[in-house]
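*Asks:* One file: target_31.cif (mmCIF, N, CA and C atoms and all ligand atoms).
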data_run
#
loop_
_atom_site.label_atom_id
_atom_site.label_comp_id
_atom_site.auth_asym_id
_atom_site.auth_seq_id
_atom_site.Cartn_x
_atom_site.Cartn_y
_atom_site.Cartn_z
N MET A 1404 -88.20 -158.49 74.62
CA MET A 1404 -87.69 -159.51 73.70
C MET A 1404 -87.73 -160.90 74.36
N GLU A 1405 -88.19 -161.88 73.63
CA GLU A 1405 -88.19 -163.25 74.14
C GLU A 1405 -86.79 -163.83 74.06
N ALA A 1406 -86.44 -164.60 75.07
CA ALA A 1406 -85.12 -165.22 75.09
C ALA A 1406 -84.96 -166.26 73.99
N THR A 1407 -86.07 -166.71 73.46
CA THR A 1407 -86.01 -167.74 72.43
C THR A 1407 -85.73 -167.17 71.04
N MET A 1408 -85.83 -165.84 70.93
CA MET A 1408 -85.55 -165.26 69.61
C MET A 1408 -84.09 -165.46 69.22
N GLU A 1409 -83.87 -165.59 67.94
CA GLU A 1409 -82.49 -165.73 67.49
C GLU A 1409 -81.73 -164.43 67.74
N GLN A 1410 -80.59 -164.59 68.36
CA GLN A 1410 -79.74 -163.44 68.65
C GLN A 1410 -78.81 -163.21 67.47
N GLU A 1411 -78.37 -161.98 67.35
CA GLU A 1411 -77.41 -161.69 66.29
C GLU A 1411 -76.42 -160.66 66.78
N GLN A 1412 -75.17 -160.96 66.55
CA GLN A 1412 -74.09 -160.06 66.96
C GLN A 1412 -73.13 -159.94 65.79
N GLU A 1413 -72.58 -158.76 65.60
CA GLU A 1413 -71.60 -158.59 64.53
C GLU A 1413 -70.29 -158.12 65.12
N ILE A 1414 -69.21 -158.79 64.72
CA ILE A 1414 -67.88 -158.39 65.17
C ILE A 1414 -66.98 -158.24 63.96
N THR A 1415 -65.99 -157.38 64.09
CA THR A 1415 -64.96 -157.26 63.06
C THR A 1415 -63.63 -157.57 63.70
N LEU A 1416 -63.00 -158.63 63.22
CA LEU A 1416 -61.69 -159.05 63.70
C LEU A 1416 -60.65 -158.65 62.66
N THR A 1417 -59.40 -158.54 63.10
CA THR A 1417 -58.31 -158.26 62.17
C THR A 1417 -57.37 -159.46 62.15
N ALA A 1418 -57.20 -160.03 60.96
CA ALA A 1418 -56.30 -161.17 60.78
C ALA A 1418 -55.23 -160.75 59.77
N PRO A 1419 -54.08 -160.28 60.27
CA PRO A 1419 -53.06 -159.67 59.39
C PRO A 1419 -52.49 -160.62 58.34
N ASP A 1420 -52.65 -161.93 58.54
CA ASP A 1420 -52.06 -162.88 57.60
C ASP A 1420 -52.92 -163.13 56.36
N ILE A 1421 -54.06 -162.49 56.27
CA ILE A 1421 -54.86 -162.59 55.05
C ILE A 1421 -54.17 -161.78 53.95
N SER A 1422 -53.67 -162.49 52.94
CA SER A 1422 -52.86 -161.78 51.94
C SER A 1422 -53.34 -161.95 50.50
N CYS A 1423 -54.33 -162.80 50.26
CA CYS A 1423 -54.80 -162.95 48.89
C CYS A 1423 -56.20 -163.56 48.89
N GLY A 1424 -56.74 -163.71 47.72
CA GLY A 1424 -58.10 -164.23 47.61
C GLY A 1424 -58.23 -165.65 48.12
N HIS A 1425 -57.14 -166.40 48.04
CA HIS A 1425 -57.18 -167.76 48.59
C HIS A 1425 -57.39 -167.73 50.09
N CYS A 1426 -56.70 -166.81 50.75
CA CYS A 1426 -56.87 -166.66 52.20
C CYS A 1426 -58.31 -166.29 52.53
N VAL A 1427 -58.84 -165.36 51.75
CA VAL A 1427 -60.22 -164.91 51.98
C VAL A 1427 -61.18 -166.10 51.89
N ALA A 1428 -60.99 -166.93 50.86
CA ALA A 1428 -61.86 -168.09 50.69
C ALA A 1428 -61.70 -169.08 51.84
N THR A 1429 -60.45 -169.30 52.26
CA THR A 1429 -60.20 -170.23 53.37
C THR A 1429 -60.89 -169.75 54.64
N VAL A 1430 -60.71 -168.47 54.94
CA VAL A 1430 -61.31 -167.90 56.15
C VAL A 1430 -62.84 -167.98 56.09
N GLN A 1431 -63.39 -167.60 54.95
CA GLN A 1431 -64.84 -167.57 54.84
C GLN A 1431 -65.43 -168.97 54.92
N ASN A 1432 -64.74 -169.95 54.34
CA ASN A 1432 -65.22 -171.32 54.41
C ASN A 1432 -65.13 -171.87 55.83
N ALA A 1433 -64.00 -171.59 56.50
CA ALA A 1433 -63.78 -172.16 57.84
C ALA A 1433 -64.76 -171.56 58.84
N VAL A 1434 -64.84 -170.24 58.87
CA VAL A 1434 -65.72 -169.59 59.85
C VAL A 1434 -67.19 -169.77 59.44
N GLY A 1435 -67.44 -169.69 58.15
CA GLY A 1435 -68.81 -169.84 57.67
C GLY A 1435 -69.37 -171.23 57.92
N GLY A 1436 -68.48 -172.23 58.12
CA GLY A 1436 -68.92 -173.57 58.39
C GLY A 1436 -69.30 -173.82 59.84
N LEU A 1437 -69.04 -172.85 60.71
CA LEU A 1437 -69.36 -173.01 62.12
C LEU A 1437 -70.86 -172.89 62.35
N GLU A 1438 -71.37 -173.76 63.20
CA GLU A 1438 -72.76 -173.66 63.61
C GLU A 1438 -73.01 -172.32 64.31
N GLY A 1439 -74.05 -171.62 63.90
CA GLY A 1439 -74.40 -170.36 64.54
C GLY A 1439 -73.86 -169.14 63.82
N VAL A 1440 -72.96 -169.36 62.85
CA VAL A 1440 -72.43 -168.24 62.07
C VAL A 1440 -73.37 -167.96 60.91
N GLN A 1441 -73.79 -166.70 60.80
CA GLN A 1441 -74.76 -166.32 59.78
C GLN A 1441 -74.09 -165.78 58.52
N SER A 1442 -73.02 -165.04 58.68
CA SER A 1442 -72.30 -164.56 57.50
C SER A 1442 -70.87 -164.21 57.88
N VAL A 1443 -69.99 -164.32 56.89
CA VAL A 1443 -68.58 -163.98 57.07
C VAL A 1443 -68.15 -163.16 55.86
N GLN A 1444 -67.48 -162.06 56.13
CA GLN A 1444 -66.93 -161.27 55.04
C GLN A 1444 -65.48 -160.96 55.36
N ALA A 1445 -64.57 -161.49 54.57
CA ALA A 1445 -63.15 -161.22 54.78
C ALA A 1445 -62.67 -160.28 53.68
N ASP A 1446 -61.74 -159.41 54.03
CA ASP A 1446 -61.25 -158.41 53.08
C ASP A 1446 -59.73 -158.43 53.04
N VAL A 1447 -59.19 -158.62 51.83
CA VAL A 1447 -57.75 -158.78 51.70
C VAL A 1447 -57.01 -157.46 51.91
N ASP A 1448 -57.64 -156.34 51.64
CA ASP A 1448 -56.98 -155.04 51.79
C ASP A 1448 -56.90 -154.60 53.25
N THR A 1449 -58.01 -154.70 53.95
CA THR A 1449 -58.06 -154.23 55.34
C THR A 1449 -57.66 -155.32 56.33
N LYS A 1450 -57.62 -156.59 55.88
CA LYS A 1450 -57.38 -157.76 56.75
C LYS A 1450 -58.51 -157.96 57.75
N HIS A 1451 -59.62 -157.34 57.51
CA HIS A 1451 -60.75 -157.46 58.43
C HIS A 1451 -61.60 -158.68 58.10
N VAL A 1452 -62.08 -159.32 59.16
CA VAL A 1452 -63.03 -160.41 59.02
C VAL A 1452 -64.27 -160.01 59.81
N THR A 1453 -65.34 -159.73 59.09
CA THR A 1453 -66.59 -159.33 59.74
C THR A 1453 -67.50 -160.54 59.81
N VAL A 1454 -67.92 -160.87 61.02
CA VAL A 1454 -68.70 -162.08 61.25
C VAL A 1454 -70.01 -161.70 61.92
N ARG A 1455 -71.11 -162.17 61.38
CA ARG A 1455 -72.40 -162.07 62.06
C ARG A 1455 -72.76 -163.45 62.57
N PHE A 1456 -73.10 -163.52 63.85
CA PHE A 1456 -73.33 -164.83 64.45
C PHE A 1456 -74.33 -164.74 65.59
N ASP A 1457 -74.82 -165.89 65.98
CA ASP A 1457 -75.73 -166.01 67.11
C ASP A 1457 -74.90 -166.35 68.35
N PRO A 1458 -74.74 -165.40 69.29
CA PRO A 1458 -73.88 -165.64 70.44
C PRO A 1458 -74.39 -166.72 71.38
N GLU A 1459 -75.63 -167.16 71.18
CA GLU A 1459 -76.14 -168.27 71.98
C GLU A 1459 -75.63 -169.61 71.45
N ARG A 1460 -75.16 -169.61 70.23
CA ARG A 1460 -74.77 -170.87 69.59
C ARG A 1460 -73.29 -170.98 69.32
N VAL A 1461 -72.60 -169.85 69.19
CA VAL A 1461 -71.16 -169.88 68.95
C VAL A 1461 -70.57 -168.64 69.59
N SER A 1462 -69.36 -168.77 70.13
CA SER A 1462 -68.74 -167.66 70.84
C SER A 1462 -67.69 -166.99 69.96
N GLN A 1463 -67.39 -165.75 70.31
CA GLN A 1463 -66.30 -165.07 69.61
C GLN A 1463 -64.99 -165.83 69.80
N ALA A 1464 -64.79 -166.40 71.01
CA ALA A 1464 -63.56 -167.15 71.27
C ALA A 1464 -63.43 -168.35 70.33
N ARG A 1465 -64.57 -169.00 70.06
CA ARG A 1465 -64.57 -170.15 69.15
C ARG A 1465 -64.22 -169.71 67.73
N ILE A 1466 -64.77 -168.59 67.31
CA ILE A 1466 -64.48 -168.06 65.97
C ILE A 1466 -62.99 -167.74 65.86
N GLU A 1467 -62.45 -167.10 66.89
CA GLU A 1467 -61.02 -166.76 66.87
C GLU A 1467 -60.16 -168.01 66.86
N ALA A 1468 -60.59 -169.05 67.58
CA ALA A 1468 -59.83 -170.30 67.62
C ALA A 1468 -59.79 -170.96 66.25
N VAL A 1469 -60.90 -170.91 65.53
CA VAL A 1469 -60.94 -171.49 64.19
C VAL A 1469 -60.02 -170.72 63.24
N LEU A 1470 -60.03 -169.41 63.36
CA LEU A 1470 -59.13 -168.60 62.53
C LEU A 1470 -57.68 -168.96 62.81
N GLU A 1471 -57.34 -169.12 64.08
CA GLU A 1471 -55.97 -169.48 64.44
C GLU A 1471 -55.62 -170.86 63.89
N ASP A 1472 -56.56 -171.81 64.02
CA ASP A 1472 -56.33 -173.16 63.50
C ASP A 1472 -56.04 -173.14 62.00
N GLU A 1473 -56.69 -172.23 61.28
CA GLU A 1473 -56.52 -172.16 59.83
C GLU A 1473 -55.26 -171.40 59.44
N GLY A 1474 -54.58 -170.82 60.43
CA GLY A 1474 -53.34 -170.11 60.15
C GLY A 1474 -53.51 -168.61 60.03
N TYR A 1475 -54.65 -168.10 60.52
CA TYR A 1475 -54.91 -166.65 60.46
C TYR A 1475 -55.26 -166.13 61.85
N PRO A 1476 -54.27 -166.11 62.76
CA PRO A 1476 -54.57 -165.65 64.12
C PRO A 1476 -55.04 -164.20 64.12
N VAL A 1477 -55.93 -163.90 65.04
CA VAL A 1477 -56.52 -162.58 65.16
C VAL A 1477 -55.58 -161.66 65.93
N ALA A 1478 -55.36 -160.47 65.39
CA ALA A 1478 -54.54 -159.48 66.08
C ALA A 1478 -55.32 -158.87 67.22
N LYS A 1479 -54.66 -158.73 68.34
CA LYS A 1479 -55.28 -158.06 69.48
C LYS A 1479 -55.00 -156.58 69.37
N ILE A 1480 -56.06 -155.80 69.28
CA ILE A 1480 -55.91 -154.38 69.02
C ILE A 1480 -55.69 -153.60 70.30
N ASP A 1481 -56.46 -153.90 71.32
CA ASP A 1481 -56.35 -153.15 72.57
C ASP A 1481 -55.57 -153.95 73.61
N GLY A 1482 -55.16 -153.29 74.66
CA GLY A 1482 -54.36 -153.96 75.66
C GLY A 1482 -55.15 -154.29 76.91
CU CU B 1501 -53.55 -166.09 50.56
#
Could you write out this structure as structure tokens?
*Replies:*
Amino acid sequence: MEATMEQEQEITLTAPDISCGHCVATVQNAVGGLEGVQSVQADVDTKHVTVRFDPERVSQARIEAVLEDEGYPVAKIDG
């Protein structure tokens, strides 16, 4: 694989404060507006935020920081 190829990574985060469709729209707009993010899918039932992104252009830490800024901090699942 060439290093110049676009990379793609998918992560699923849990943001317990997602409680309605408004939250879903806010999350999707905020994360989807980040450079390097290819798609965002938030789910009000599972509280999951699935993000596909290019790790060369945006980091998971940056995505989590944006979620926190918007009022939807990511739950840490493991210790
Ligand atoms: Cu809401």
*Asks:* Once you count all atoms listed in the file, which residues end up within 8 Å of ligand CU 1501 (chain B), and could you hand them over as number ranges by chain?
*Replies:* A: 1420-1429
*Asks:* If we count all atoms listed in the file and set the cut-off at 6.5 Å, which residues sit around Phe1456 in chain A, ignoring sequence neighbours fewer than 6 positions away in its own chain? Please answer as a list in words.
*Replies:*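 Non-adjacent residues within range: Gln1410, Glu1411, Gln1412, Glu1413, Ile1414, Gly1439, Val1440, Gln1441 and Ser1442 of chain A.
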*Asks:* Report as a list of chain:residue names: the residues of range 1419-1455 of chain A with a DSSP assignment of strand (DSSP E), based on the backbone of this structure.
*Replies:*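 Taking range 1419-1455 of chain A and keeping strand (DSSP E) gives A:Val1440, A:Gln1441, A:Ser1442, A:Val1443, A:Gln1444, A:Ala1445, A:His1451, A:Val1452, A:Thr1453, A:Val1454, A:Arg1455.
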*Asks:* Closest to Tyr1475 in chain A among A:Val1443, A:Val1452, A:Ala1418, A:Val1434, using only C-alpha atoms?
*Replies:*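 Among A:Val1443, A:Val1452, A:Ala1418, A:Val1434, it is A:Ala1418 that comes nearest to Tyr1475 in chain A.
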*Asks:* Give me every alpha helix (DSSP H) residue in chain A, going by DSSP on the backbone, as a PyMOL selection string.
*Replies:* chain A and resi 1424-1435+1463-1472
